[in-house]
$ cat work_1.cif   # mmCIF, C-alpha atoms
data_data
loop_
_atom_site.label_atom_id
_atom_site.label_comp_id
_atom_site.auth_asym_id
_atom_site.auth_seq_id
_atom_site.Cartn_x
_atom_site.Cartn_y
_atom_site.Cartn_z
CA MET A 907 0.00 0.00 0.00
CA LYS A 908 2.74 2.35 1.02
CA SER A 909 4.69 1.65 -2.12
CA PHE A 910 1.55 2.25 -4.16
CA ILE A 911 1.12 5.71 -2.63
CA ALA A 912 4.75 6.49 -3.27
CA LEU A 913 4.37 5.39 -6.86
CA ALA A 914 1.27 7.52 -7.26
CA LEU A 915 3.12 10.49 -5.79
CA ILE A 916 6.02 10.03 -8.16
CA ALA A 917 3.64 9.71 -11.07
CA THR A 918 1.82 12.90 -10.06
CA SER A 919 5.03 14.86 -9.68
CA LEU A 920 6.25 13.58 -13.04
CA PHE A 921 2.98 14.65 -14.64
CA ALA A 922 3.22 18.10 -13.02
CA GLY A 923 6.78 18.31 -14.28
CA ALA A 924 5.66 17.55 -17.80
CA LEU A 925 2.98 20.24 -17.55
CA ALA A 926 5.52 22.76 -16.33
CA ASP A 927 7.67 21.95 -19.33
CA GLU A 928 4.81 22.96 -21.58
CA GLU A 929 4.12 26.20 -19.80
CA TYR A 930 7.47 27.88 -19.71
CA CYS A 931 9.43 29.36 -22.56
CA GLN A 932 12.59 28.72 -20.57
CA ASN A 933 12.00 24.99 -20.72
CA SER A 934 11.62 25.15 -24.48
CA VAL A 935 14.91 26.97 -24.68
CA ILE A 936 16.64 24.46 -22.42
CA THR A 937 15.31 21.56 -24.49
CA ALA A 938 16.24 23.23 -27.74
CA CYS A 939 19.72 24.19 -26.55
CA SER A 940 20.46 20.73 -25.23
CA SER A 941 19.70 19.20 -28.61
CA SER A 942 22.60 19.87 -30.91
CA THR A 943 20.65 20.80 -34.05
CA PHE A 944 20.02 24.37 -35.15
CA SER A 945 16.58 23.43 -36.41
CA ALA A 946 15.43 22.80 -32.84
CA LEU A 947 16.06 26.47 -32.08
CA THR A 948 14.46 27.96 -35.16
CA GLY A 949 11.45 25.69 -34.73
CA PHE A 950 10.76 27.20 -31.33
CA PHE A 951 10.87 30.78 -32.38
CA THR A 952 9.34 31.05 -35.81
CA GLY A 953 5.90 30.25 -34.55
CA GLU A 954 5.83 27.10 -36.69
CA THR A 955 5.47 24.87 -33.68
CA ASN A 956 3.05 25.54 -30.87
CA SER A 957 5.75 27.32 -28.99
CA ILE A 958 5.06 28.87 -25.64
CA CYS A 959 7.62 31.56 -26.46
CA ASN A 960 5.12 34.16 -27.54
CA ALA A 961 3.25 37.21 -26.24
CA ARG A 962 -0.04 35.44 -25.57
CA PHE A 963 -1.50 35.66 -22.09
CA ALA A 964 -4.80 36.16 -20.26
CA GLY A 965 -7.90 35.79 -22.43
CA ILE A 966 -6.29 36.28 -25.84
CA ASP A 967 -7.34 32.83 -27.10
CA GLN A 968 -11.02 33.65 -26.70
CA ILE A 969 -10.89 37.28 -27.80
CA GLU A 970 -8.62 36.88 -30.83
CA PRO A 971 -11.41 35.80 -33.23
CA GLU A 972 -13.65 38.61 -31.99
CA VAL A 973 -10.97 41.22 -32.62
CA GLN A 974 -10.21 39.68 -36.02
CA ALA A 975 -13.89 39.98 -36.93
CA TYR A 976 -13.92 43.55 -35.70
CA ILE A 977 -10.85 44.46 -37.76
CA ASN A 978 -12.62 43.24 -40.90
CA SER A 979 -15.75 45.17 -39.91
CA GLN A 980 -13.85 48.44 -39.56
CA LEU A 981 -12.10 47.90 -42.88
CA THR A 982 -15.34 47.10 -44.69
CA LYS A 983 -17.05 50.15 -43.21
CA SER A 984 -14.08 52.32 -44.15
CA TYR A 985 -14.70 51.63 -47.83
CA GLU A 986 -18.44 51.97 -47.46
CA TYR A 987 -17.96 55.47 -46.04
CA LEU A 988 -15.50 56.27 -48.82
CA LEU A 989 -18.20 55.48 -51.38
CA LEU A 990 -20.82 57.41 -49.42
CA ALA A 991 -18.48 60.43 -49.48
CA THR A 992 -18.04 59.88 -53.21
CA HIS A 993 -21.78 59.86 -53.71
CA PHE A 994 -22.05 63.36 -52.21
CA ASN A 995 -19.04 64.54 -54.20
CA SER A 996 -20.79 64.13 -57.57
CA TYR A 997 -21.79 67.29 -59.41
CA GLN A 998 -25.44 66.32 -59.07
CA LYS A 999 -25.22 66.06 -55.30
CA ASN A 1000 -22.51 68.64 -54.74
CA ARG A 1001 -22.56 68.52 -50.94
CA PRO A 1002 -19.01 69.17 -49.73
CA GLY A 1003 -20.16 69.18 -46.10
CA PHE A 1004 -21.61 65.69 -46.30
CA GLN A 1005 -18.59 64.53 -48.27
CA LYS A 1006 -16.26 65.85 -45.58
CA LEU A 1007 -18.26 64.13 -42.84
CA TYR A 1008 -18.16 60.70 -44.51
CA GLN A 1009 -14.58 60.99 -45.74
CA GLY A 1010 -13.64 61.71 -42.14
CA LEU A 1011 -15.43 58.58 -40.94
CA SER A 1012 -13.76 56.54 -43.68
CA ASP A 1013 -10.28 57.75 -42.72
CA ARG A 1014 -11.04 57.12 -39.07
CA SER A 1015 -12.10 53.53 -39.72
CA PHE A 1016 -8.98 52.87 -41.78
CA ASP A 1017 -6.70 54.29 -39.09
CA ASP A 1018 -8.61 52.30 -36.46
CA THR A 1019 -8.06 49.15 -38.53
CA ILE A 1020 -4.29 49.64 -38.40
CA ALA A 1021 -4.47 50.48 -34.68
CA LEU A 1022 -6.42 47.25 -34.03
CA ILE A 1023 -3.93 45.21 -36.06
CA LYS A 1024 -1.16 46.66 -33.90
CA GLN A 1025 -3.11 45.87 -30.74
CA ILE A 1026 -3.89 42.24 -31.62
CA THR A 1027 -0.30 41.56 -32.69
CA ARG A 1028 0.91 43.32 -29.56
CA ARG A 1029 -0.91 40.61 -27.62
CA GLY A 1030 0.55 37.78 -29.67
CA GLY A 1031 -2.45 37.44 -31.94
CA ILE A 1032 -2.60 37.29 -35.71
CA VAL A 1033 -4.92 38.85 -38.29
CA ASP A 1034 -6.93 36.99 -40.88
CA PHE A 1035 -8.33 39.16 -43.66
CA ASN A 1036 -10.00 36.33 -45.53
CA THR A 1037 -12.08 34.52 -42.97
CA ARG A 1038 -15.33 36.05 -41.95
CA HIS A 1039 -16.06 34.97 -38.41
CA GLU A 1040 -19.60 34.62 -37.21
CA SER A 1041 -19.48 37.16 -34.45
CA ALA A 1042 -21.49 40.05 -33.08
CA ALA A 1043 -18.46 42.12 -33.99
CA SER A 1044 -18.88 41.27 -37.70
CA VAL A 1045 -20.60 43.24 -40.41
CA SER A 1046 -21.85 41.99 -43.74
CA THR A 1047 -19.63 42.48 -46.78
CA GLN A 1048 -22.78 42.80 -48.88
CA ARG A 1049 -22.89 46.51 -49.48
CA GLN A 1050 -26.12 48.33 -48.93
CA THR A 1051 -27.26 50.87 -51.49
CA LEU A 1052 -25.41 54.10 -50.94
CA GLU A 1053 -27.27 56.23 -53.48
CA VAL A 1054 -29.36 57.89 -50.80
CA ASP A 1055 -30.50 61.42 -50.07
CA GLU A 1056 -28.97 63.62 -47.40
CA LEU A 1057 -31.25 62.79 -44.48
CA GLN A 1058 -31.18 59.09 -45.21
CA SER A 1059 -27.40 59.13 -45.38
CA LEU A 1060 -27.27 60.52 -41.84
CA ALA A 1061 -29.62 57.76 -40.71
CA LEU A 1062 -27.43 55.19 -42.46
CA ALA A 1063 -24.27 56.58 -40.85
CA LEU A 1064 -25.96 56.63 -37.45
CA ASP A 1065 -26.90 52.95 -37.83
CA ASN A 1066 -23.36 52.15 -38.98
CA GLU A 1067 -21.78 53.87 -36.03
CA LYS A 1068 -24.08 52.13 -33.59
CA GLN A 1069 -23.20 48.83 -35.23
CA LEU A 1070 -19.49 49.56 -34.80
CA ALA A 1071 -20.06 50.62 -31.20
CA THR A 1072 -22.02 47.41 -30.59
CA GLY A 1073 -19.14 45.43 -32.09
CA ALA A 1074 -16.62 47.13 -29.78
CA THR A 1075 -18.96 46.54 -26.83
CA HIS A 1076 -19.14 42.87 -27.78
CA VAL A 1077 -15.34 42.59 -27.84
CA HIS A 1078 -15.26 44.35 -24.48
CA THR A 1079 -17.88 42.01 -23.02
CA ARG A 1080 -15.95 38.96 -24.17
CA ALA A 1081 -12.76 40.42 -22.74
CA SER A 1082 -14.27 41.08 -19.33
CA HIS A 1083 -16.80 38.27 -18.88
CA SER A 1084 -15.26 35.24 -20.52
CA GLN A 1085 -13.82 32.48 -18.40
CA GLN A 1086 -10.45 34.07 -18.75
CA HIS A 1087 -10.55 37.79 -18.18
CA ASP A 1088 -8.51 40.10 -20.33
CA PRO A 1089 -8.52 43.47 -18.62
CA GLU A 1090 -5.78 44.80 -20.89
CA LEU A 1091 -7.84 44.31 -24.04
CA ALA A 1092 -11.01 45.53 -22.34
CA HIS A 1093 -9.18 48.65 -21.24
CA TYR A 1094 -7.76 49.18 -24.71
CA ILE A 1095 -11.24 49.03 -26.26
CA GLU A 1096 -12.63 51.38 -23.63
CA GLU A 1097 -9.88 53.90 -23.99
CA ASN A 1098 -9.54 53.91 -27.77
CA PHE A 1099 -13.00 53.04 -29.04
CA LEU A 1100 -16.00 53.22 -26.73
CA GLY A 1101 -15.64 56.83 -25.60
CA LYS A 1102 -14.92 58.08 -29.10
CA GLN A 1103 -17.81 56.04 -30.50
CA ALA A 1104 -20.27 57.48 -27.99
CA ASP A 1105 -19.28 60.95 -29.23
CA THR A 1106 -19.72 60.02 -32.89
CA VAL A 1107 -23.09 58.35 -32.33
CA ARG A 1108 -24.29 61.37 -30.36
CA LYS A 1109 -23.07 63.77 -33.05
CA LEU A 1110 -24.75 61.87 -35.88
CA SER A 1111 -28.00 61.53 -33.96
CA GLY A 1112 -27.93 65.29 -33.40
CA TYR A 1113 -27.33 65.90 -37.12
CA ALA A 1114 -30.12 63.54 -38.18
CA ASN A 1115 -32.64 65.07 -35.80
CA ASP A 1116 -31.64 68.62 -36.69
CA LEU A 1117 -31.89 68.03 -40.43
CA ALA A 1118 -35.23 66.23 -40.05
CA LYS A 1119 -36.60 69.30 -38.25
CA LEU A 1120 -35.21 71.67 -40.87
CA MET A 1121 -36.79 69.64 -43.64
CA LYS A 1122 -40.36 70.07 -42.38
CA VAL A 1123 -41.05 72.57 -45.14
CA PRO A 1124 -42.64 72.12 -48.58
CA ASP A 1125 -39.32 72.68 -50.33
CA PRO A 1126 -36.38 71.63 -48.17
CA SER A 1127 -33.67 72.45 -50.73
CA LEU A 1128 -32.54 75.61 -48.92
CA SER A 1129 -32.51 73.78 -45.56
CA VAL A 1130 -30.29 71.04 -46.95
CA TYR A 1131 -28.01 73.62 -48.56
CA LEU A 1132 -27.60 75.51 -45.28
CA PHE A 1133 -27.09 72.30 -43.33
CA ASP A 1134 -24.38 71.22 -45.76
CA GLU A 1135 -22.70 74.57 -45.30
CA TYR A 1136 -22.85 74.01 -41.54
CA LEU A 1137 -21.29 70.55 -41.92
CA GLN A 1138 -18.42 72.03 -43.91
CA LYS A 1139 -17.47 74.19 -40.95
CA GLN A 1140 -17.41 71.30 -38.48
CA MET B 1171 -71.50 69.28 -34.74
CA MET B 1172 -71.50 69.64 -38.52
CA LYS B 1173 -69.79 72.98 -38.22
CA PHE B 1174 -67.15 71.56 -35.96
CA LEU B 1175 -66.48 68.74 -38.39
CA ALA B 1176 -66.18 71.14 -41.30
CA SER B 1177 -63.76 73.37 -39.46
CA PHE B 1178 -61.76 70.31 -38.54
CA LEU B 1179 -61.62 69.30 -42.18
CA VAL B 1180 -60.50 72.78 -43.22
CA LEU B 1181 -57.82 72.73 -40.56
CA ALA B 1182 -56.65 69.37 -41.74
CA VAL B 1183 -56.36 70.61 -45.31
CA VAL B 1184 -54.43 73.70 -44.23
CA ALA B 1185 -52.15 71.61 -42.11
CA GLN B 1186 -51.61 69.30 -45.03
CA GLN B 1187 -50.55 72.25 -47.17
CA ALA B 1188 -48.23 73.71 -44.57
CA TYR B 1189 -46.58 70.57 -43.22
CA GLY B 1190 -47.57 67.75 -45.53
CA ASP B 1191 -45.45 65.99 -48.11
CA PHE B 1192 -42.35 65.41 -46.09
CA LYS B 1193 -40.01 65.38 -49.04
CA CYS B 1194 -36.51 64.05 -48.59
CA SER B 1195 -35.03 63.72 -52.05
CA LEU B 1196 -34.53 66.85 -54.04
CA GLU B 1197 -34.97 66.84 -57.76
CA VAL B 1198 -31.91 66.94 -59.96
CA PRO B 1199 -32.25 69.93 -62.27
CA GLU B 1200 -31.47 69.69 -65.96
CA ILE B 1201 -28.18 71.31 -66.87
CA PRO B 1202 -26.00 71.10 -69.99
CA LYS B 1203 -24.14 67.78 -70.11
CA ASN B 1204 -21.70 68.41 -72.94
CA TRP B 1205 -18.87 68.97 -70.49
CA ILE B 1206 -19.09 65.33 -69.42
CA ASP B 1207 -16.84 63.88 -72.07
CA MET B 1208 -15.10 60.78 -70.75
CA LYS B 1209 -15.61 57.70 -72.89
CA ASP B 1210 -16.90 54.36 -71.61
CA ALA B 1211 -13.76 52.28 -72.13
CA CYS B 1212 -11.63 54.80 -70.29
CA ILE B 1213 -14.17 55.11 -67.45
CA ALA B 1214 -14.27 51.33 -67.08
CA GLY B 1215 -10.46 51.31 -67.08
CA VAL B 1216 -10.29 53.86 -64.28
CA ARG B 1217 -12.88 51.94 -62.27
CA HIS B 1218 -10.77 48.82 -62.70
CA GLN B 1219 -7.63 50.67 -61.65
CA ILE B 1220 -9.37 51.90 -58.49
CA GLN B 1221 -10.08 48.29 -57.48
CA GLU B 1222 -6.46 47.36 -58.27
CA GLU B 1223 -5.18 50.03 -55.90
CA ILE B 1224 -7.56 48.88 -53.17
CA ASN B 1225 -6.47 45.25 -53.67
CA ALA B 1226 -2.85 46.36 -53.33
CA SER B 1227 -3.75 48.24 -50.15
CA TYR B 1228 -5.29 45.09 -48.67
CA GLN B 1229 -2.23 43.03 -49.59
CA TYR B 1230 0.07 45.56 -47.93
CA LEU B 1231 -2.12 45.53 -44.82
CA ALA B 1232 -1.71 41.75 -44.64
CA MET B 1233 2.08 42.17 -44.98
CA GLY B 1234 2.11 44.77 -42.21
CA ALA B 1235 0.00 42.51 -39.99
CA TYR B 1236 2.35 39.58 -40.57
CA PHE B 1237 5.54 41.45 -39.74
CA ALA B 1238 3.88 43.03 -36.69
CA ARG B 1239 3.41 39.54 -35.13
CA ASP B 1240 5.32 39.01 -31.91
CA THR B 1241 7.00 35.85 -33.15
CA VAL B 1242 8.06 37.59 -36.38
CA ASN B 1243 8.88 40.94 -34.77
CA ARG B 1244 9.99 42.98 -37.73
CA GLY B 1245 8.59 46.35 -36.73
CA GLY B 1246 10.46 48.23 -39.44
CA PHE B 1247 8.97 46.08 -42.17
CA ALA B 1248 5.52 46.30 -40.56
CA GLU B 1249 5.56 50.11 -40.47
CA HIS B 1250 6.85 50.25 -44.02
CA PHE B 1251 3.98 48.06 -45.26
CA PHE B 1252 1.33 49.89 -43.23
CA LYS B 1253 2.56 53.10 -44.86
CA SER B 1254 2.31 51.48 -48.29
CA ALA B 1255 -1.24 50.28 -47.51
CA LYS B 1256 -2.23 53.86 -46.70
CA GLU B 1257 -0.62 55.15 -49.88
CA GLU B 1258 -2.39 52.62 -52.10
CA ARG B 1259 -5.73 53.49 -50.51
CA GLU B 1260 -4.94 57.15 -51.13
CA HIS B 1261 -4.16 56.40 -54.81
CA GLY B 1262 -7.50 54.64 -55.18
CA SER B 1263 -9.34 57.43 -53.45
CA LYS B 1264 -7.72 60.12 -55.64
CA LEU B 1265 -8.83 58.30 -58.78
CA VAL B 1266 -12.36 58.15 -57.37
CA GLU B 1267 -12.23 61.91 -56.85
CA TYR B 1268 -10.95 62.33 -60.39
CA LEU B 1269 -13.97 60.54 -61.82
CA SER B 1270 -16.29 62.76 -59.77
CA MET B 1271 -14.46 65.82 -61.05
CA ARG B 1272 -15.10 64.69 -64.62
CA GLY B 1273 -18.84 64.39 -64.03
CA GLN B 1274 -18.85 60.65 -63.41
CA LEU B 1275 -20.13 58.65 -60.44
CA THR B 1276 -23.56 60.24 -60.34
CA ASP B 1277 -24.83 56.68 -60.02
CA ASN B 1278 -23.30 53.20 -59.73
CA VAL B 1279 -21.27 54.22 -56.71
CA SER B 1280 -22.15 51.30 -54.43
CA ASN B 1281 -20.37 48.70 -56.57
CA LEU B 1282 -17.30 50.80 -57.36
CA ILE B 1283 -15.19 49.01 -54.75
CA THR B 1284 -15.65 45.43 -53.59
CA VAL B 1285 -14.06 43.97 -50.49
CA PRO B 1286 -11.22 41.78 -51.78
CA THR B 1287 -9.51 38.77 -50.25
CA VAL B 1288 -5.74 38.69 -49.97
CA PRO B 1289 -3.86 35.93 -51.82
CA LYS B 1290 -1.11 35.64 -49.20
CA GLN B 1291 -0.94 36.27 -45.46
CA GLU B 1292 2.41 34.73 -44.46
CA TRP B 1293 5.94 35.16 -45.75
CA LYS B 1294 9.14 33.18 -45.45
CA ASP B 1295 11.23 36.21 -44.56
CA GLY B 1296 11.59 39.94 -45.12
CA ALA B 1297 13.25 39.49 -48.49
CA SER B 1298 10.42 37.42 -49.92
CA ALA B 1299 7.91 40.04 -48.73
CA LEU B 1300 9.92 42.85 -50.34
CA GLU B 1301 10.05 40.76 -53.49
CA ASP B 1302 6.27 40.34 -53.42
CA ALA B 1303 5.92 44.08 -52.82
CA LEU B 1304 8.07 44.80 -55.87
CA GLU B 1305 6.01 42.36 -57.95
CA LEU B 1306 2.85 44.06 -56.73
CA GLU B 1307 4.16 47.48 -57.76
CA ILE B 1308 5.17 46.12 -61.17
CA LYS B 1309 1.63 44.79 -61.59
CA VAL B 1310 0.12 48.16 -60.65
CA THR B 1311 2.52 50.00 -62.97
CA ARG B 1312 1.60 47.73 -65.89
CA SER B 1313 -2.05 48.26 -65.15
CA ILE B 1314 -1.58 52.05 -65.20
CA ARG B 1315 0.31 51.85 -68.50
CA LYS B 1316 -2.54 49.83 -69.96
CA LEU B 1317 -5.01 52.38 -68.66
CA ILE B 1318 -3.01 55.19 -70.27
CA GLN B 1319 -3.10 53.33 -73.59
CA THR B 1320 -6.86 52.88 -73.31
CA CYS B 1321 -7.49 56.52 -72.49
CA GLU B 1322 -5.00 57.88 -75.02
CA GLY B 1323 -6.40 55.81 -77.84
CA LYS B 1324 -8.03 57.18 -80.94
CA PRO B 1325 -10.41 58.67 -81.78
CA TYR B 1326 -10.71 60.32 -78.42
CA ASN B 1327 -7.67 61.29 -76.36
CA HIS B 1328 -8.24 61.92 -72.64
CA TYR B 1329 -5.33 64.37 -72.55
CA HIS B 1330 -5.82 65.55 -68.98
CA LEU B 1331 -6.26 62.12 -67.40
CA VAL B 1332 -3.33 60.69 -69.35
CA ASP B 1333 -1.16 63.58 -68.20
CA TYR B 1334 -2.30 63.04 -64.61
CA LEU B 1335 -1.66 59.29 -64.77
CA THR B 1336 1.77 59.83 -66.30
CA GLY B 1337 2.87 62.78 -64.21
CA VAL B 1338 1.54 61.70 -60.83
CA TYR B 1339 0.85 57.96 -60.85
CA LEU B 1340 3.68 56.67 -63.01
CA GLU B 1341 6.02 59.09 -61.29
CA GLU B 1342 5.21 57.55 -57.92
CA GLN B 1343 5.25 54.00 -59.25
CA LEU B 1344 8.68 54.32 -60.82
CA HIS B 1345 10.27 55.96 -57.78
CA GLY B 1346 8.57 53.39 -55.54
CA GLN B 1347 9.88 50.51 -57.62
CA ARG B 1348 13.42 51.86 -57.57
CA GLU B 1349 13.25 52.28 -53.80
CA LEU B 1350 11.97 48.73 -53.29
CA ALA B 1351 14.56 47.30 -55.68
CA GLY B 1352 17.33 49.09 -53.77
CA LYS B 1353 16.07 47.88 -50.40
CA LEU B 1354 15.67 44.32 -51.62
CA THR B 1355 19.19 44.28 -53.07
CA THR B 1356 20.74 45.59 -49.86
CA LEU B 1357 18.79 43.11 -47.76
CA LYS B 1358 19.72 40.17 -49.97
CA LYS B 1359 23.39 41.11 -49.80
CA MET B 1360 23.23 41.22 -46.02
CA MET B 1361 21.29 37.99 -45.77
CA SER B 1362 23.47 35.95 -48.11
CA THR B 1363 26.22 35.76 -45.53
CA HIS B 1364 24.61 36.94 -42.31
CA GLY B 1365 21.10 35.53 -42.61
CA GLU B 1366 18.92 36.38 -39.63
CA LEU B 1367 21.39 38.93 -38.31
CA GLY B 1368 21.27 40.74 -41.65
CA GLU B 1369 17.49 40.89 -41.56
CA PHE B 1370 17.46 41.95 -37.91
CA LEU B 1371 19.77 44.90 -38.57
CA PHE B 1372 18.03 45.83 -41.80
CA ASP B 1373 14.65 45.91 -40.05
CA LYS B 1374 15.85 48.23 -37.30
CA ASN B 1375 17.07 50.73 -39.89
CA LEU B 1376 14.03 50.49 -42.19
#
$ encode --input "work_1.cif" --output "structure tokens"
Amino acid sequence: MKSFIALALIATSLFAGALADEEYCQNSVITACSSSTFSALTGFFTGETNSICNARFAGIDQIEPEVQAYINSQLTKSYEYLLLATHFNSYQKNRPGFQKLYQGLSDRSFDDTIALIKQITRRGGIVDFNTRHESAASVSTQRQTLEVDELQSLALALDNEKQLATGATHVHTRASHSQQHDPELAHYIEENFLGKQADTVRKLSGYANDLAKLMKVPDPSLSVYLFDEYLQKQ
Amino acid sequence: MMKFLASFLVLAVVAQQAYGDFKCSLEVPEIPKNWIDMKDACIAGVRHQIQEEINASYQYLAMGAYFARDTVNRGGFAEHFFKSAKEEREHGSKLVEYLSMRGQLTDNVSNLITVPTVPKQEWKDGASALEDALELEIKVTRSIRKLIQTCEGKPYNHYHLVDYLTGVYLEEQLHGQRELAGKLTTLKKMMSTHGELGEFLFDKNL
């Protein structure tokens, strides 16, 4: 009986030892360095093997796909806004204020895309531009019709911004309420996205409601003209 | 009662006149259209070129994302490719603006740019990525040359666009290609004898 317990103890400690080997980069290095081939070393550091020598910690495994989906959402929206700006830049529309507003949102989404790529890789993650994840942080790549009038474009932009804010909120929720918390990522989203997004949503809602009020006249063309002029100065 | 109903009806009619017909879209007035003089083949060519630039931008983004990985850790390369991605997007966007300036894009805007996929998301090393970047630039340059030929063709010469494409776009392409070729050559020299160390040093100075 005694010997059995001792055996069990040894087995447990051996198992724990094996686990520890998996969990520490140092152990990988020791193993690699004790083998005399160069390939052992390169294998550990090029990411080809499931090396532990990387920047991944906390909840990155669960949040990575959400952030990847969100990166693709921002990028898709960036081009949608670019086309919306283009629509108002035609000679028939000729609304430089609206164009400026949507071009600004397009540039912002593109810059945010790069910022998010830097954030996910900072945490040891990778980006996948080709896979569309099923996630609340995703948007459809099917483009909606952008040939809309001024008021409708504000409504469309408001919906878009809320969708992006919902996506960021989803990433934040996953970062803070998953089994493995990731306060760093949650904080990043809060600091760089959620506050800014609340401002944008508020601004667009204000624009949409203002313009709707101004258009309660038989011929709203002057109202729209003045509102566009106002947008130019923002 | 009858009187009340009548006055209500009158009020309703007046209200209808004052506040009714909530009209959102304004009519497009008729104006002379003779100034809109770009031909279909050239327009289609420019639209194609816009998508090419956007595709290149996506590919550069993927390169930047790869070299930004912690296990790859080539920050110099990553920044370089992110910058290129921004430039390509800018090129596309300037061509879009050009079409608007020439009276185009009054409709058919929604399908001007489609979201592309990227053919490659991982690279063997910095040199192979720079080589791909050079190939990508060569492809874009060829595409611009083809566009110039289309728009310069008889019987209608798009003088202004051709000048713009030659003076601004080709100018940037050729300088960009020379820069990439120089970088790639230097890197390959350093890597032929010093391998990883060569790439490490090259990246820090990129």
$ interface_residues --input "work_1.cif" --of "chain A" --to "chain B" --cutoff "8 Å" --atoms "only C-alpha atoms" --output "ChimeraX atom specification"
/A:951-953,959-961,982,985-986,988-990,992-993,995-999,1020,1023-1024,1027-1036,1047,1049-1053,1055-1057,1121-1127
$ resolve_selection --input "work_1.cif" --expression "the PyMOL selection byres ((chain B and resi 1333) around 12)" --output "list in words"
Ile1314, Arg1315, Leu1317, Ile1318, Gln1319, Cys1321, Glu1322, Asn1327, His1328, Tyr1329, His1330, Leu1331, Val1332, Tyr1334, Leu1335, Thr1336, Gly1337, Val1338, Tyr1339, Leu1340 and Glu1341 of chain B
$ residues_around --input "work_1.cif" --residues "Asp1373 (chain B)" --least-positions-apart "4" --cutoff "8 Å" --atoms "all atoms listed in the file" --output "ChimeraX atom specification"
/B:1244-1247,1369
$ write_last_selection --input "work_1.cif" --atoms "C-alpha atoms" --output "PDB file, in the frame of the given file"
ATOM      1  CA  ARG B1244       9.990  42.980 -37.730  1.00  0.00           C
ATOM      2  CA  GLY B1245       8.590  46.350 -36.730  1.00  0.00           C
ATOM      3  CA  GLY B1246      10.460  48.230 -39.440  1.00  0.00           C
ATOM      4  CA  PHE B1247       8.970  46.080 -42.170  1.00  0.00           C
ATOM      5  CA  GLU B1369      17.490  40.890 -41.560  1.00  0.00           C
TER       6      GLU B1369
END
$ atom_distance --input "work_1.cif" --atom1 "CA of Gly1073 (chain A)" --atom2 "CA of Gln1009 (chain A)"
21.2 Å
$ atom_distance --input "work_1.cif" --atom1 "CA of Pro1089 (chain A)" --atom2 "CA of Ala964 (chain A)"
8.4 Å
$ resolve_selection --input "work_1.cif" --expression "the PyMOL selection byres ((chain A and resi 1095-1100) around 9)" --output "list in words"
Asp1018, Ala1071, Ala1074, Thr1075, Val1077, His1078, Glu1090, Leu1091, Ala1092, His1093, Tyr1094, Gly1101, Lys1102, Gln1103, Ala1104 and Asp1105 of chain A
$ axis_aligned_box --input "work_1.cif" --around "region 1330-1347 of chain B" --padding-each-side "8 Å" --output "lines of an AutoDock Vina configuration file"
center_x = 2.0
center_y = 58.0
center_z = -62.4
size_x = 32.5
size_y = 31.0
size_z = 29.8
$ atom_distance --input "work_1.cif" --atom1 "CA of Arg1080 (chain A)" --atom2 "CA of Ala1021 (chain A)"
19.4 Å
$ resolve_selection --input "work_1.cif" --expression "the PyMOL selection byres ((chain A and resi 1001-1007) around 7)" --output "PyMOL selection string"
chain A and resi 991-992+994-995+999-1000+1008-1011+1134-1135+1137-1138
$ write_last_selection --input "work_1.cif" --atoms "C-alpha atoms" --output "mmCIF file, keeping the file's coordinate frame"
data_model
loop_
_atom_site.group_PDB
_atom_site.id
_atom_site.type_symbol
_atom_site.label_atom_id
_atom_site.label_comp_id
_atom_site.auth_asym_id
_atom_site.auth_seq_id
_atom_site.Cartn_x
_atom_site.Cartn_y
_atom_site.Cartn_z
ATOM 1 C CA ALA A 991 -18.480 60.430 -49.480
ATOM 2 C CA THR A 992 -18.040 59.880 -53.210
ATOM 3 C CA PHE A 994 -22.050 63.360 -52.210
ATOM 4 C CA ASN A 995 -19.040 64.540 -54.200
ATOM 5 C CA LYS A 999 -25.220 66.060 -55.300
ATOM 6 C CA ASN A 1000 -22.510 68.640 -54.740
ATOM 7 C CA TYR A 1008 -18.160 60.700 -44.510
ATOM 8 C CA GLN A 1009 -14.580 60.990 -45.740
ATOM 9 C CA GLY A 1010 -13.640 61.710 -42.140
ATOM 10 C CA LEU A 1011 -15.430 58.580 -40.940
ATOM 11 C CA ASP A 1134 -24.380 71.220 -45.760
ATOM 12 C CA GLU A 1135 -22.700 74.570 -45.300
ATOM 13 C CA LEU A 1137 -21.290 70.550 -41.920
ATOM 14 C CA GLN A 1138 -18.420 72.030 -43.910
#
$ closest_residue --input "work_1.cif" --among "B:Ala1297, B:Leu1344, B:Met1233, B:Val1310" --to "Met1361 (chain B)" --atoms "all atoms listed in the file"
B:Ala1297
$ residues_around --input "work_1.cif" --residues "Glu1223 (chain B)" --least-positions-apart "2" --cutoff "7 Å" --atoms "only C-alpha atoms" --output "PyMOL selection string"
chain B and resi 1219-1221+1225-1227+1258-1259+1261-1262
$ residues_around --input "work_1.cif" --residues "Lys1119 (chain A)" --least-positions-apart "5" --cutoff "10 Å" --atoms "all atoms listed in the file" --output "PyMOL selection string"
chain A and resi 1113-1114+1129
